[in-house]
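First the structure, in the form of structure tokens, and then the observations on it.
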Amino acid sequence: MNKQQLVNRVWASANKMRSRIDANEYKDYILGLIFYKFLSDNEVNKLRTIGWKDEEMKTLVEDHEDKDTAMMINYCQENIGYFIEYKYLFSIWLLPGSDFSVADLSAALNSFDRLIGPNYKHVYAGIFKTLQTGLSKLGENPASQTRALKDLIKLIKDIPTDGSQNYDVLGYIYEYLISNFAANAGKKAGEFYTPHEVAVLMSEIVAEHHKKNSRLKSTTRRAVPVPCSSPSVNQSAVILPTKAA
């Protein structure tokens with residue numbers, strides 16, 4: 001998917017939310033859902049690299065009493081920083097016959113926050129707070145909120161989040177949204193926006209500062225845009241430690 005195709009998909013997503021929420025809030029929903037898709041797909045891809053088959057993904061449940069299940073939860077938390085149950089995987093909500101509802105997304109976000117790995121709390125804690133608290137704005141009742149979410153999920157399902165593109169998909173989407181919607185709503189909506197170049201520089205400075213941190217040893221670092229819960233924290237990028245190839 002090239003940048004123009006990506007922009008077209010994001011624009012269509014924004015159109016689905018017209019009349020429901022203010023333009024300066026589009027990014028909270030679109031980027032939040034896309035980032036959740038990224039994290040969900042990332043977990044599935046990680047498990048596939050160690051030999052898991054799609055059928056085995058169904059065993060991804062939160063059961064701390066079962067030894068094997070508890071070990072898998074711990075494996076995910078240590079290697080990718082979080083654990084997402086099978087029923088909360090983004091791809092499951094797209095299956096034929098899925099009875100996805102707004103309650104499922106709300107439960108998924110609560111579960112994600114609860115199952116963040118101890119060493120990754122500083123990276124992921126609270127990143128979906130704005131999305132979570134804003135779900136009620138998508139409709140006057142759960143049924144209309146669910147319809148709005150289903151429309152959004154269908155529109156963003158093909159947005160690549162596997163790192164196969166030759167550009168930063170999440171970063172590009174964030175910059176597009178902030179420049180075309182939040183910025184248009186006035187200074188108040190865009191005043192916390194940091195240009196891409198500055199965000200990258202900040203990320204590199206933080207990475208340099210932590211390069212000798214033993215907990216991050218043998219990892220590579222990359223800047224990934226993350227929706228933040230507080231406008232006082234820039235949403236452009238955080239440093240995600242990932243295992244070196």
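Labels used: A, B, ... for chains in the order of the structure tokens, numbers from 1 for residues in each chain, and numbers from 1 for ligands as shown.
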**Asked** Any idea what's packed within 8 Å of range 1-14 of chain A, counting only C-alpha atoms, ignoring anything in its chain fewer than 5 positions away? Could you give it as a ChimeraX atom specification?
**Response** /A:26,30,151-152,155-156,159-160,165,173,176
Selection near range 60-72 of chain A, 12 Å with only C-alpha atoms, sequence-local residues under 2 positions removed, as a CSV table (one decimal) with N, CA and C atoms, in the first residue's frame:
chain,number,residue,atom,x,y,z
A,43,GLU,N,1.9,-9.7,17.9
A,43,GLU,CA,1.9,-10.9,18.8
A,43,GLU,C,1.8,-12.1,18.0
A,44,VAL,N,0.8,-12.1,17.0
A,44,VAL,CA,0.6,-13.3,16.2
A,44,VAL,C,1.9,-13.6,15.4
A,46,LYS,N,4.9,-12.8,16.0
A,46,LYS,CA,6.0,-13.3,16.9
A,46,LYS,C,5.8,-14.8,17.2
A,47,LEU,N,4.6,-15.2,17.5
A,47,LEU,CA,4.4,-16.6,17.8
A,47,LEU,C,4.6,-17.5,16.6
A,50,ILE,N,8.1,-18.7,16.1
A,50,ILE,CA,8.6,-19.8,17.0
A,50,ILE,C,7.8,-21.1,16.7
A,52,TRP,N,4.3,-21.5,16.0
A,52,TRP,CA,2.9,-21.6,16.3
A,52,TRP,C,2.1,-21.6,15.0
A,53,LYS,N,1.0,-22.5,15.0
A,53,LYS,CA,0.1,-22.5,13.9
A,53,LYS,C,-1.1,-21.7,14.2
A,54,ASP,N,-1.9,-21.3,13.2
A,54,ASP,CA,-3.1,-20.5,13.5
A,54,ASP,C,-4.1,-21.1,14.5
A,55,GLU,N,-4.2,-22.5,14.4
A,55,GLU,CA,-5.1,-23.2,15.2
A,55,GLU,C,-4.7,-23.1,16.7
A,56,GLU,N,-3.4,-23.0,16.9
A,56,GLU,CA,-2.9,-23.0,18.3
A,56,GLU,C,-3.1,-21.6,18.9
A,57,MET,N,-3.4,-20.6,18.1
A,57,MET,CA,-3.6,-19.3,18.7
A,57,MET,C,-4.8,-19.3,19.6
A,58,LYS,N,-5.7,-20.2,19.4
A,58,LYS,CA,-7.0,-20.3,20.2
A,58,LYS,C,-6.7,-20.6,21.6
A,74,ASN,N,3.8,-15.2,30.1
A,74,ASN,CA,5.1,-14.7,30.5
A,74,ASN,C,6.1,-14.5,29.3
A,75,TYR,N,6.0,-15.4,28.4
A,75,TYR,CA,6.9,-15.4,27.2
A,75,TYR,C,6.6,-14.1,26.4
A,76,CYS,N,5.3,-13.9,26.2
A,76,CYS,CA,4.9,-12.7,25.4
A,76,CYS,C,5.2,-11.4,26.1
A,77,GLN,N,5.0,-11.4,27.4
A,77,GLN,CA,5.3,-10.2,28.2
A,77,GLN,C,6.8,-9.8,28.2
A,78,GLU,N,7.6,-10.9,28.2
A,78,GLU,CA,9.1,-10.6,28.2
A,78,GLU,C,9.6,-10.3,26.9
A,79,ASN,N,9.0,-10.9,25.8
A,79,ASN,CA,9.6,-10.7,24.5
A,79,ASN,C,8.9,-9.6,23.6
A,80,ILE,N,7.6,-9.3,23.8
A,80,ILE,CA,7.0,-8.2,23.1
A,80,ILE,C,6.5,-7.1,24.0
A,82,TYR,N,3.8,-7.4,26.2
A,82,TYR,CA,2.3,-7.5,26.5
A,82,TYR,C,1.8,-8.8,26.1
A,83,PHE,N,0.6,-9.1,26.5
A,83,PHE,CA,-0.1,-10.3,26.1
A,83,PHE,C,-1.6,-10.0,25.7
A,84,ILE,N,-2.0,-10.4,24.6
A,84,ILE,CA,-3.4,-10.2,24.1
A,84,ILE,C,-4.0,-11.6,23.9
A,85,GLU,N,-5.2,-11.8,24.6
A,85,GLU,CA,-5.9,-13.1,24.4
A,85,GLU,C,-6.4,-13.2,23.0
A,86,TYR,N,-6.6,-14.5,22.6
A,86,TYR,CA,-7.1,-14.8,21.3
A,86,TYR,C,-8.4,-14.1,21.0
A,87,LYS,N,-9.3,-14.1,21.9
A,87,LYS,CA,-10.6,-13.4,21.7
A,87,LYS,C,-10.5,-11.9,21.5
A,88,TYR,N,-9.4,-11.3,21.9
A,88,TYR,CA,-9.2,-9.9,21.7
A,88,TYR,C,-8.2,-9.5,20.6
A,89,LEU,N,-7.8,-10.5,19.8
A,89,LEU,CA,-7.0,-10.2,18.6
A,89,LEU,C,-7.8,-9.5,17.6
A,108,ALA,N,-11.1,-5.5,25.7
A,108,ALA,CA,-9.8,-5.8,25.2
A,108,ALA,C,-8.7,-4.7,25.7
A,111,SER,N,-8.0,-5.4,29.3
A,111,SER,CA,-7.1,-6.5,29.4
A,111,SER,C,-5.7,-6.2,29.0
A,112,PHE,N,-5.6,-5.5,27.9
A,112,PHE,CA,-4.2,-5.1,27.5
A,112,PHE,C,-3.5,-4.4,28.6
A,114,ARG,N,-3.9,-4.4,31.7
A,114,ARG,CA,-3.6,-5.3,32.9
A,114,ARG,C,-2.5,-6.3,32.6
A,115,LEU,N,-2.3,-6.7,31.3
A,115,LEU,CA,-1.3,-7.7,31.0
A,115,LEU,C,-0.1,-7.2,30.3
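By chain and then residue number, the residues within 8 Å of Leu31 in chain A are A:Lys27, A:Phe35, A:Leu170, A:Ile173, A:Tyr174, A:Pro227, counting only C-alpha atoms and disregarding those fewer than 4 positions away in sequence.
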**Message:** Can you tell me, as a VMD selection string, which residues in range 12-224 of chain A count as strand (DSSP E) by DSSP?
**Reply:** chain A and resid 219 to 224
**Prompt:** What does the distance between CA of Asp28 in chain A and CA of Phe128 in chain A come to in Å, to one decimal place?
**Reply:** 8.8 Å
**Asked** By how many Å are CA of Ala143 in chain A and CA of Phe100 in chain A apart?
**Response**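 Rounded to one decimal, the two atoms are 10.8 Å apart.
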**Request:** Write down as a ChimeraX atom specification the residues of range 33-229 of chain A whose backbone DSSP state falls under alpha helix (DSSP H).
**Result:** /A:33-49,67-79,102-114,121-124,129-133,142-156,169-177,187-190,196-209
**Message:** Using Å and a single decimal, report how far CA of Thr130 in chain A sits from CA of Leu39 in chain A.
**Reply:**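 Taking CA of Leu39 in chain A and CA of Thr130 in chain A, their separation equals 16.9 Å.
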